[in-house]
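The data block below is run-v1.cif; it holds mmCIF, C-alpha atoms.
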```
data_data
loop_
_atom_site.label_atom_id
_atom_site.label_comp_id
_atom_site.auth_asym_id
_atom_site.auth_seq_id
_atom_site.Cartn_x
_atom_site.Cartn_y
_atom_site.Cartn_z
CA MET Y 1 57.97 -32.94 73.50
CA LYS Y 2 58.66 -34.18 69.97
CA LEU Y 3 56.27 -36.47 68.10
CA GLU Y 4 57.99 -38.08 65.13
CA SER Y 5 56.85 -39.66 61.87
CA LEU Y 6 53.12 -39.03 62.05
CA ARG Y 7 50.42 -38.71 59.45
CA ILE Y 8 48.23 -35.62 59.73
CA PRO Y 9 45.05 -35.90 57.62
CA PRO Y 10 44.98 -33.18 54.92
CA ARG Y 11 41.72 -31.66 56.18
CA LEU Y 12 43.28 -31.25 59.60
CA ARG Y 13 46.28 -29.26 58.33
CA ALA Y 14 46.56 -25.47 58.42
CA PHE Y 15 50.07 -25.40 57.01
CA ALA Y 16 51.69 -25.85 53.63
CA ALA Y 17 52.76 -29.48 53.24
CA GLY Y 18 53.75 -29.82 49.59
CA ASP Y 19 53.95 -33.52 48.77
CA ALA Y 20 54.77 -34.53 52.35
CA GLN Y 21 52.46 -36.96 54.16
CA VAL Y 22 54.53 -37.75 57.28
CA PHE Y 23 55.54 -35.08 59.79
CA ASP Y 24 57.49 -34.38 62.96
CA VAL Y 25 55.61 -32.22 65.45
CA THR Y 26 57.27 -30.31 68.30
CA LEU Y 27 55.28 -29.23 71.36
CA VAL Y 28 56.47 -26.51 73.72
CA GLY Y 29 54.32 -25.78 76.73
CA ASP Y 30 50.66 -25.86 75.76
CA ARG Y 31 51.26 -25.08 72.06
CA VAL Y 32 52.44 -26.74 68.88
CA GLN Y 33 55.74 -25.05 68.11
CA ALA Y 34 56.66 -26.64 64.78
CA VAL Y 35 55.38 -29.04 62.13
CA VAL Y 36 57.96 -30.17 59.58
CA PRO Y 37 58.13 -33.03 57.04
CA SER Y 38 59.86 -36.10 58.41
CA ALA Y 39 63.22 -37.03 56.93
CA SER Y 40 61.74 -40.33 55.82
CA GLN Y 41 58.32 -40.33 54.15
CA ALA Y 42 58.25 -44.11 53.80
CA HIS Y 43 56.71 -45.09 57.12
CA ALA Y 44 54.52 -43.44 59.74
CA ARG Y 45 54.35 -44.33 63.44
CA GLY Y 46 50.79 -43.09 63.94
CA THR Y 47 48.11 -40.59 62.95
CA LEU Y 48 47.77 -37.23 64.67
CA LEU Y 49 44.41 -35.50 65.15
CA SER Y 50 43.33 -32.42 67.01
CA ALA Y 51 41.36 -33.25 70.14
CA LEU Y 52 37.83 -34.41 69.38
CA VAL Y 53 34.65 -32.30 69.38
CA GLU Y 54 31.25 -33.70 70.33
CA ALA Y 55 28.56 -31.71 68.52
CA HIS Y 56 25.41 -33.50 69.74
CA ALA Y 57 24.92 -35.46 72.96
CA HIS Y 58 22.31 -35.95 75.70
CA ILE Y 59 24.15 -36.22 79.00
CA ASP Y 60 20.95 -35.73 80.99
CA LYS Y 61 19.43 -38.93 79.53
CA ASN Y 62 22.26 -41.46 79.54
CA TYR Y 63 22.79 -44.72 81.49
CA ILE Y 64 19.14 -45.43 82.32
CA VAL Y 65 18.28 -48.16 79.79
CA GLN Y 66 17.99 -50.76 82.58
CA GLU Y 67 15.20 -48.66 84.08
CA VAL Y 68 13.29 -47.60 80.95
CA GLY Y 69 14.02 -50.40 78.47
CA ALA Y 70 15.11 -50.12 74.85
CA ALA Y 71 12.54 -48.83 72.35
CA GLU Y 72 13.72 -51.12 69.51
CA GLY Y 73 13.14 -48.88 66.55
CA ASN Y 74 10.22 -46.83 67.84
CA LEU Y 75 11.25 -43.17 68.22
CA PHE Y 76 8.00 -42.04 69.78
CA ALA Y 77 7.92 -44.97 72.21
CA ALA Y 78 11.37 -43.89 73.34
CA ILE Y 79 10.14 -40.31 73.78
CA GLU Y 80 7.18 -41.51 75.85
CA ARG Y 81 9.35 -43.67 78.10
CA MET Y 82 11.81 -40.85 78.68
CA ASP Y 83 8.97 -38.42 79.44
CA LYS Y 84 7.80 -40.71 82.25
CA HIS Y 85 11.30 -41.21 83.62
CA ARG Y 86 12.11 -37.49 83.49
CA ALA Y 87 9.35 -36.76 85.99
CA GLY Y 88 11.58 -38.21 88.72
CA TRP Y 89 14.81 -36.43 87.78
CA THR Y 90 16.51 -34.36 90.47
CA GLY Y 91 19.90 -32.74 90.73
CA GLU Y 92 21.05 -35.62 92.93
CA THR Y 93 20.06 -38.28 90.38
CA LEU Y 94 21.27 -36.33 87.35
CA ARG Y 95 24.73 -35.32 88.49
CA PRO Y 96 26.38 -38.80 88.70
CA ARG Y 97 25.18 -39.70 85.20
CA MET Y 98 26.26 -36.37 83.72
CA GLU Y 99 29.66 -36.56 85.41
CA ARG Y 100 30.18 -40.10 84.12
CA ALA Y 101 29.53 -38.92 80.57
CA LEU Y 102 32.06 -36.10 80.85
CA GLN Y 103 34.68 -38.40 82.33
CA GLU Y 104 34.26 -40.85 79.44
CA ALA Y 105 34.46 -38.06 76.88
CA TRP Y 106 37.54 -36.53 78.52
CA GLN Y 107 39.42 -39.81 78.66
CA SER Y 108 38.64 -40.57 75.01
CA GLY Y 109 40.15 -37.26 73.89
CA THR Y 110 37.17 -34.91 73.62
CA ARG Y 111 37.94 -31.20 74.18
CA ALA Y 112 34.44 -29.74 73.68
CA LEU Y 113 30.94 -31.15 74.05
CA ARG Y 114 27.48 -29.78 73.28
CA THR Y 115 24.62 -31.45 75.10
CA HIS Y 116 20.92 -31.07 74.50
CA ILE Y 117 18.90 -30.71 77.71
CA ASP Y 118 15.25 -31.80 77.75
CA TRP Y 119 13.18 -28.64 78.28
CA VAL Y 120 9.52 -29.51 77.96
CA GLN Y 121 7.85 -26.61 79.77
CA GLY Y 122 8.45 -22.91 80.27
CA ASP Y 123 10.36 -23.31 83.53
CA PRO Y 124 13.98 -24.51 83.42
CA PRO Y 125 14.62 -28.22 84.06
CA ALA Y 126 16.63 -29.58 86.99
CA ALA Y 127 19.40 -30.58 84.57
CA LEU Y 128 20.23 -26.95 83.79
CA ALA Y 129 21.56 -26.15 87.26
CA VAL Y 130 23.61 -29.35 87.25
CA PHE Y 131 24.98 -28.49 83.82
CA GLU Y 132 25.97 -24.98 84.90
CA ALA Y 133 27.85 -26.35 87.91
CA LEU Y 134 29.65 -28.95 85.78
CA ARG Y 135 30.51 -26.39 83.11
CA HIS Y 136 32.32 -24.38 85.78
CA GLU Y 137 34.05 -27.41 87.30
CA TRP Y 138 35.20 -28.78 83.95
CA ARG Y 139 36.48 -25.48 82.57
CA GLY Y 140 39.94 -26.01 81.09
CA ARG Y 141 39.32 -29.69 80.40
CA VAL Y 142 36.11 -30.01 78.34
CA GLU Y 143 34.45 -26.88 76.95
CA LEU Y 144 30.74 -27.40 77.56
CA GLN Y 145 27.75 -25.99 75.70
CA PHE Y 146 24.03 -26.72 76.08
CA VAL Y 147 20.94 -26.55 73.89
CA SER Y 148 17.37 -26.31 75.20
CA LEU Y 149 15.58 -29.28 73.61
CA THR Y 150 11.92 -28.22 73.45
CA PRO Y 151 9.00 -29.70 71.45
CA LEU Y 152 8.31 -27.22 68.65
CA ASP Y 153 4.61 -27.08 69.53
CA LEU Y 154 5.42 -25.53 72.92
CA PHE Y 155 6.56 -22.38 71.12
CA ALA Y 156 2.93 -21.77 70.16
CA ASP Y 157 2.62 -20.68 73.81
CA PHE Y 158 4.00 -17.15 73.57
CA ASN Y 159 4.82 -16.81 77.27
CA ALA Y 160 6.48 -20.22 77.55
CA GLY Y 161 8.70 -19.49 74.57
CA GLU Y 162 9.70 -16.13 76.03
CA ARG Y 163 10.59 -17.67 79.41
CA ILE Y 164 12.69 -20.36 77.75
CA ALA Y 165 14.59 -17.90 75.57
CA ARG Y 166 15.31 -15.56 78.49
CA GLU Y 167 16.68 -18.38 80.63
CA VAL Y 168 18.75 -19.83 77.78
CA LYS Y 169 20.26 -16.38 77.23
CA ARG Y 170 21.03 -15.95 80.93
CA ALA Y 171 22.74 -19.33 81.08
CA GLY Y 172 24.77 -18.77 77.90
CA GLY Y 173 23.09 -21.51 75.90
CA VAL Y 174 21.67 -22.23 72.46
CA LEU Y 175 17.95 -22.25 71.66
CA GLY Y 176 16.66 -25.54 70.26
CA ALA Y 177 13.55 -27.45 69.23
CA PHE Y 178 12.42 -30.92 68.16
CA VAL Y 179 10.92 -30.49 64.68
CA TYR Y 180 9.08 -33.29 62.91
CA ARG Y 181 6.03 -32.93 60.66
CA ASN Y 182 4.38 -30.38 62.99
CA GLU Y 183 1.13 -28.67 62.10
CA GLY Y 184 1.71 -24.99 61.41
CA LEU Y 185 5.40 -25.82 60.98
CA VAL Y 186 6.55 -22.59 59.37
CA HIS Y 187 4.63 -20.39 61.80
CA LYS Y 188 6.07 -22.18 64.85
CA LEU Y 189 9.58 -22.17 63.41
CA GLY Y 190 9.13 -18.47 62.75
CA ARG Y 191 8.42 -17.99 66.44
CA VAL Y 192 11.69 -19.75 67.32
CA PHE Y 193 13.57 -17.47 64.92
CA ASP Y 194 11.84 -14.43 66.46
CA LEU Y 195 13.05 -15.46 69.90
CA ALA Y 196 16.58 -16.11 68.64
CA GLN Y 197 16.72 -12.69 67.00
CA ASP Y 198 15.22 -10.89 69.98
CA HIS Y 199 17.59 -12.50 72.49
CA GLY Y 200 20.71 -12.90 70.34
CA LEU Y 201 20.77 -16.71 70.39
CA ASP Y 202 22.19 -19.36 68.09
CA LEU Y 203 19.87 -22.21 67.07
CA ASP Y 204 20.23 -25.99 67.11
CA PHE Y 205 17.38 -28.21 65.88
CA HIS Y 206 16.51 -31.89 66.05
CA VAL Y 207 14.91 -32.00 62.62
CA ASP Y 208 13.22 -34.63 60.42
CA GLU Y 209 14.34 -37.52 62.62
CA GLY Y 210 12.52 -40.23 60.72
CA LEU Y 211 12.04 -41.83 57.32
CA ASP Y 212 8.96 -39.92 56.15
CA ALA Y 213 9.66 -38.35 52.78
CA ASP Y 214 7.16 -35.54 53.41
CA ALA Y 215 9.09 -34.18 56.40
CA SER Y 216 10.15 -30.68 55.41
CA GLY Y 217 11.61 -29.17 58.57
CA LEU Y 218 15.14 -28.84 57.18
CA ARG Y 219 13.94 -27.10 54.03
CA SER Y 220 11.73 -24.73 56.05
CA ILE Y 221 14.61 -23.80 58.38
CA ALA Y 222 16.87 -23.01 55.42
CA GLN Y 223 14.14 -20.95 53.75
CA LEU Y 224 13.48 -18.99 56.95
CA MET Y 225 17.17 -18.26 57.41
CA ARG Y 226 17.41 -16.81 53.94
CA ALA Y 227 14.10 -14.94 54.07
CA ARG Y 228 15.05 -13.30 57.38
CA ASP Y 229 18.74 -12.87 56.57
CA PHE Y 230 19.43 -14.69 59.83
CA ARG Y 231 23.16 -14.36 60.54
CA ARG Y 232 23.61 -16.35 63.73
CA ARG Y 233 24.85 -19.94 63.73
CA VAL Y 234 22.27 -22.66 62.98
CA VAL Y 235 22.90 -26.39 63.46
CA CYS Y 236 20.52 -29.11 62.24
CA GLY Y 237 20.90 -32.61 63.63
CA HIS Y 238 19.56 -35.90 62.22
CA CYS Y 239 17.94 -34.80 58.89
CA CYS Y 240 17.14 -38.49 58.26
CA SER Y 241 14.13 -37.88 56.01
CA LEU Y 242 16.43 -36.30 53.46
CA SER Y 243 17.76 -39.79 52.72
CA VAL Y 244 14.39 -41.09 51.45
CA GLN Y 245 13.30 -38.07 49.44
CA ASP Y 246 13.60 -37.90 45.67
CA ASP Y 247 17.05 -36.85 44.55
CA ALA Y 248 15.77 -33.63 43.03
CA VAL Y 249 13.95 -32.62 46.22
CA ALA Y 250 16.87 -33.57 48.48
CA ASN Y 251 19.42 -31.78 46.31
CA GLU Y 252 17.30 -28.64 46.22
CA THR Y 253 17.05 -28.69 50.02
CA LEU Y 254 20.80 -29.13 50.36
CA ALA Y 255 21.39 -26.22 48.00
CA LEU Y 256 19.18 -24.08 50.25
CA CYS Y 257 21.14 -25.27 53.30
CA ALA Y 258 24.44 -24.43 51.66
CA GLY Y 259 23.21 -20.97 50.76
CA ALA Y 260 22.02 -20.40 54.32
CA GLY Y 261 25.20 -21.72 55.94
CA ILE Y 262 23.55 -24.46 57.99
CA HIS Y 263 25.76 -26.93 59.88
CA ILE Y 264 24.56 -30.54 59.58
CA VAL Y 265 25.17 -33.20 62.24
CA ALA Y 266 24.65 -36.91 61.50
CA LEU Y 267 24.02 -39.36 64.35
CA PRO Y 268 24.85 -42.85 63.07
CA THR Y 269 24.36 -44.91 66.23
CA THR Y 270 20.90 -43.79 67.32
CA ASN Y 271 19.49 -43.38 63.83
CA LEU Y 272 20.73 -46.75 62.63
CA TYR Y 273 19.06 -48.27 65.69
CA LEU Y 274 15.76 -46.34 65.47
CA GLN Y 275 15.11 -45.96 61.73
CA GLY Y 276 13.81 -48.81 59.59
CA ALA Y 277 11.59 -51.79 60.31
CA TRP Y 278 12.41 -54.28 63.08
CA ASP Y 279 10.55 -57.26 61.62
CA ARG Y 280 13.03 -57.67 58.76
CA THR Y 281 16.50 -56.56 57.80
CA PRO Y 282 16.25 -52.75 57.48
CA VAL Y 283 16.96 -51.37 54.04
CA PRO Y 284 16.93 -47.62 54.81
CA ARG Y 285 19.99 -46.76 56.89
CA GLY Y 286 18.59 -43.75 58.70
CA ILE Y 287 21.48 -41.42 57.97
CA THR Y 288 21.39 -38.15 56.11
CA ARG Y 289 23.00 -37.48 52.71
CA ILE Y 290 26.55 -36.81 53.89
CA HIS Y 291 28.20 -37.17 50.47
CA GLU Y 292 25.72 -34.93 48.70
CA ALA Y 293 26.05 -32.30 51.43
CA ALA Y 294 29.85 -32.38 51.14
CA ALA Y 295 29.59 -31.85 47.38
CA ARG Y 296 27.97 -28.50 48.21
CA GLY Y 297 30.61 -27.55 50.75
CA LEU Y 298 28.61 -28.72 53.78
CA ARG Y 299 31.01 -30.94 55.70
CA ALA Y 300 28.77 -32.79 58.15
CA SER Y 301 29.78 -33.66 61.69
CA LEU Y 302 29.38 -37.12 63.20
CA ALA Y 303 28.24 -37.16 66.81
CA THR Y 304 27.30 -39.53 69.62
CA ASP Y 305 23.66 -38.62 70.37
CA ASN Y 306 22.27 -41.09 72.95
CA VAL Y 307 24.15 -43.49 75.20
CA GLN Y 308 22.47 -46.38 77.02
CA ASP Y 309 18.93 -45.02 77.16
CA ALA Y 310 15.60 -45.78 75.46
CA PHE Y 311 16.74 -44.20 72.19
CA TYR Y 312 19.99 -46.20 71.99
CA PRO Y 313 20.72 -48.91 74.55
CA TYR Y 314 24.45 -49.24 73.79
CA GLY Y 315 27.45 -47.04 73.22
CA SER Y 316 29.81 -44.69 75.02
CA TYR Y 317 31.25 -41.20 74.66
CA ASP Y 318 34.11 -42.33 72.43
CA LEU Y 319 33.84 -40.38 69.19
CA LEU Y 320 36.23 -42.74 67.45
CA GLU Y 321 33.67 -45.51 67.95
CA THR Y 322 31.00 -43.28 66.40
CA PHE Y 323 33.33 -42.38 63.57
CA GLY Y 324 34.00 -46.03 62.76
CA LEU Y 325 30.28 -46.81 62.51
CA GLY Y 326 29.65 -43.68 60.43
CA VAL Y 327 32.38 -44.62 57.97
CA GLN Y 328 30.81 -48.03 57.36
CA MET Y 329 27.21 -46.88 57.48
CA ALA Y 330 27.62 -44.00 55.01
CA HIS Y 331 30.54 -45.44 52.97
CA LEU Y 332 32.85 -42.58 53.94
CA ALA Y 333 35.92 -43.63 52.03
CA PRO Y 334 38.80 -43.10 52.16
CA ALA Y 335 38.15 -42.89 55.89
CA GLY Y 336 41.09 -40.56 56.52
CA GLU Y 337 39.46 -37.90 54.39
CA TRP Y 338 36.49 -37.78 56.79
CA LEU Y 339 38.28 -37.33 60.12
CA ASP Y 340 37.25 -33.68 60.00
CA ALA Y 341 33.74 -34.96 60.89
CA ILE Y 342 34.81 -35.36 64.54
CA THR Y 343 37.32 -32.50 64.69
CA VAL Y 344 37.15 -29.51 62.34
CA SER Y 345 33.50 -29.63 61.22
CA PRO Y 346 32.01 -29.80 64.75
CA ALA Y 347 34.46 -27.16 66.00
CA ARG Y 348 33.09 -24.81 63.37
CA ALA Y 349 29.48 -25.82 64.06
CA LEU Y 350 29.95 -25.01 67.75
CA GLY Y 351 31.81 -21.78 67.04
CA LEU Y 352 34.91 -22.80 68.99
CA ALA Y 353 37.87 -20.42 69.12
CA TRP Y 354 40.11 -23.05 67.47
CA ASP Y 355 38.75 -24.80 64.41
CA GLY Y 356 40.84 -27.89 65.08
CA ARG Y 357 43.29 -27.54 62.21
CA ILE Y 358 46.86 -28.26 63.22
CA ALA Y 359 49.63 -25.70 62.62
CA PRO Y 360 52.46 -24.00 64.51
CA GLY Y 361 50.93 -21.94 67.30
CA CYS Y 362 47.76 -24.01 67.70
CA PRO Y 363 46.86 -25.55 71.08
CA ALA Y 364 48.68 -28.76 71.94
CA ASP Y 365 45.36 -30.54 72.50
CA LEU Y 366 45.82 -33.63 70.38
CA VAL Y 367 44.95 -37.28 69.94
CA LEU Y 368 47.66 -39.62 68.64
CA LEU Y 369 46.27 -42.80 67.11
CA ALA Y 370 48.31 -45.97 66.77
CA ALA Y 371 46.88 -46.40 63.25
CA THR Y 372 49.66 -45.82 60.74
CA ASP Y 373 47.64 -45.80 57.54
CA GLU Y 374 44.15 -45.67 56.06
CA ASN Y 375 43.41 -49.36 56.53
CA GLU Y 376 44.14 -49.32 60.27
CA LEU Y 377 41.85 -46.40 61.10
CA ILE Y 378 38.80 -48.61 61.59
CA GLY Y 379 39.83 -51.34 63.99
CA ALA Y 380 41.89 -51.98 67.09
CA ARG Y 381 44.80 -49.69 66.17
CA GLY Y 382 42.40 -46.96 65.19
CA ARG Y 383 40.96 -46.99 68.72
CA GLN Y 384 44.33 -47.20 70.48
CA ARG Y 385 45.34 -43.64 71.30
CA THR Y 386 47.43 -41.26 73.37
CA VAL Y 387 45.51 -38.20 74.53
CA ILE Y 388 47.57 -35.02 74.85
CA ARG Y 389 46.10 -31.97 76.57
CA ALA Y 390 47.99 -28.67 76.97
CA GLY Y 391 51.13 -30.46 75.78
CA GLN Y 392 50.98 -33.21 78.42
CA VAL Y 393 50.06 -36.87 77.98
CA LEU Y 394 46.72 -37.39 79.67
CA GLU Y 395 45.68 -40.91 78.86
CA GLN Y 396 46.76 -43.93 76.86
CA THR Y 397 44.07 -46.44 75.97
CA GLN Y 398 44.34 -49.89 74.51
#
```
Write-out of the structure in structure tokens:
Amino acid sequence: MKLESLRIPPRLRAFAAGDAQVFDVTLVGDRVQAVVPSASQAHARGTLLSALVEAHAHIDKNYIVQEVGAAEGNLFAAIERMDKHRAGWTGETLRPRMERALQEAWQSGTRALRTHIDWVQGDPPAALAVFEALRHEWRGRVELQFVSLTPLDLFADFNAGERIAREVKRAGGVLGAFVYRNEGLVHKLGRVFDLAQDHGLDLDFHVDEGLDADASGLRSIAQLMRARDFRRRVVCGHCCSLSVQDDAVANETLALCAGAGIHIVALPTTNLYLQGAWDRTPVPRGITRIHEAAARGLRASLATDNVQDAFYPYGSYDLLETFGLGVQMAHLAPAGEWLDAITVSPARALGLAWDGRIAPGCPADLVLLAATDENELIGARGRQRTVIRAGQVLEQTQ
């Protein structure tokens, strides 16, 4: 298969391009065989991306907003509603919702997805068994990872933390925690790091998911990584409080994160919905400092987070929709220079075998957008795509 006259964003290239901006791409079997400059550089017929990577989702929670109601800006009300609903979850009720999420992600062009699974006691939740079955069934289509999403305070229970870590290790997952202005923060985080070191686990935190300037979870995680010389991968999602801290404090925290090698994930849909007052037009935007992080070499990922639940009553598993909102919300311009936020950056955060940069020999897992230039990326043509998996056209969406 030959794809002619396409733009490939510079951050998605792993080949020497010179001054060329438009390329012809040849696919043979399940690989990209060649990428060469097009004879004419005047016009492009579309924009070529590597298949998309979802760094932060909750496929155990989705599609229940009609049952629990929307929290309308109240994070802890949403948590309380979901806690009550979770009590009735079974494998039979979870599986259809989780399958629906994967089908949406697959059709939109996603090749890998990391989901957080609510894990609020020492014993494994019902969603874990469903996830493990789906991970096996979806192998070769969507690469699936999971994170145990546990309230940080539960790790004060030594035995509960040990049981969680052992089960996460057995199931090939990532150890996680919800971190927000906890008492004894550093001590409890230290316990999470102990468990990760003892069991050889990567870490993924929900951290500082609010607009309180005194939230210091992100800074504490970076300091612990450096103090312990922690070498495994660490991802921090949300980091909203960073946006309302003094510039000097925020920049110092980001410098610590850069030195520690933390991966940052921003969640524009849920955090725009939850952060800020609801009795007036919200001034804070509830998104972390993406530009300032990038200036220090930390290229943040953009991810979906919640879909049609108490935390966010709208949405879908289309990362291009999330990307479009993130571009406008955080003023990510030119937009084409930030397409690594849903391809390369999350691939690196998740430790995938392919980092998503396109070059001869890379997998022919691609998304071809109808958008021909920068100004069409956000809009109808930016959402119109052809999904190519293993060199074959999977899906065309209007």
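CA of Gln145 (chain Y) lies 8.3 Å from CA of Leu350 (chain Y).
The nearest approach to Gly259 (chain Y) among the residues Y:Glu209, Y:Leu298, Y:Asn271, Y:Ile287, with only C-alpha atoms taken into account, belongs to Y:Leu298.
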| message | Selection in question (the file shown): the PyMOL selection byres ((chain Y and resi 106) around 10). Which residues does it include, as number ranges by chain? | response | Y: 51-52, 100-105, 107-113, 138, 141-142, 317-318, 387, 389, 394-395
| message | I'd like the residues picked by the PyMOL selection byres ((chain Y and resi 128-130) around 9) written out as a PyMOL selection string, using the chain letters and numbers from the file. | response | chain Y and resi 91-92+94-95+98+117+124-127+131-135+146+171
Writing out the chosen residues with C-alpha atoms as a short mmCIF file (atom, residue, chain, number, x, y, z; two decimals), in the coordinates of the input:
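Generated file (result-v6.cif):
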```
data_model
loop_
_atom_site.label_atom_id
_atom_site.label_comp_id
_atom_site.auth_asym_id
_atom_site.auth_seq_id
_atom_site.Cartn_x
_atom_site.Cartn_y
_atom_site.Cartn_z
CA GLY Y 91 19.90 -32.74 90.73
CA GLU Y 92 21.05 -35.62 92.93
CA LEU Y 94 21.27 -36.33 87.35
CA ARG Y 95 24.73 -35.32 88.49
CA MET Y 98 26.26 -36.37 83.72
CA ILE Y 117 18.90 -30.71 77.71
CA PRO Y 124 13.98 -24.51 83.42
CA PRO Y 125 14.62 -28.22 84.06
CA ALA Y 126 16.63 -29.58 86.99
CA ALA Y 127 19.40 -30.58 84.57
CA PHE Y 131 24.98 -28.49 83.82
CA GLU Y 132 25.97 -24.98 84.90
CA ALA Y 133 27.85 -26.35 87.91
CA LEU Y 134 29.65 -28.95 85.78
CA ARG Y 135 30.51 -26.39 83.11
CA PHE Y 146 24.03 -26.72 76.08
CA ALA Y 171 22.74 -19.33 81.08
#
```
| said: With the PyMOL selection byres ((chain Y and resi 346) around 12) as the selection, what would be picked from this file? Answer as a ChimeraX atom specification, please. | reply: /Y:50-56,110-114,235-237,263-266,298-304,319,339-345,347-357
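For the pair CA of Ala294 (chain Y) and CA of Ile262 (chain Y), the separation is 12.2 Å.
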Could you produce a table of the residues of region 118-234 of chain Y lying within 8 Å of region 238-253 of chain Y, with the nearest pair of atoms per residue and their separation in Å rounded to one decimal, using all atoms listed in the file, ordered by chain and increasing residue number, as CSV?
```
residue,atom,partner,partner_atom,distance
Y:His206,CA,Y:His238,CA,6.3
Y:Val207,CA,Y:Cys239,CA,5.6
Y:Asp208,CA,Y:Cys239,CA,5.0
Y:Glu209,CA,Y:Cys240,CA,5.3
Y:Gly210,CA,Y:Ser241,CA,5.5
Y:Leu211,CA,Y:Ser241,CA,4.7
Y:Asp212,CA,Y:Ser241,CA,5.6
Y:Ala213,CA,Y:Gln245,CA,4.9
Y:Asp214,CA,Y:Gln245,CA,7.7
Y:Ala215,CA,Y:Ser241,CA,6.3
Y:Leu218,CA,Y:Cys239,CA,6.8
Y:Arg219,CA,Y:Thr253,CA,5.3
Y:Ala222,CA,Y:Thr253,CA,7.8
```
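Note that CA of Asn74 (chain Y) and CA of Pro284 (chain Y) are 14.7 Å apart.
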| message | Which residue is closest to Met1 (chain Y)? Choose from Y:Gln21, Y:Gln33, Y:Ser216, Y:Asn159 and count all atoms listed in the file. | response | Y:Gln33
| field | Shell around Leu325 (chain Y) at 10 Å using all atoms listed in the file, local window under 5 positions removed, as number ranges by chain | value | Y: 267-269, 272, 302, 319-320, 330-332, 378
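Between Ala70 (chain Y) and the residues Y:Gly382, Y:Pro313, Y:Gly276, Y:Gly336, the shortest atom-to-atom distance, using all atoms listed in the file, involves Y:Pro313.
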| said: Could you check which residues have any atom within 9 Å of (16.5, -46.2, 82.4), counting all atoms listed in the file with coordinates taken straight from the file, and then list them as an MDAnalysis selection string? | reply: chainID Y and resid 61:70 81:82 85 308:310
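Nearest to Tyr180 (chain Y) of all the residues Y:Tyr314, Y:Phe323, Y:Phe76, Y:Tyr273 is Y:Phe76, based on only C-alpha atoms.
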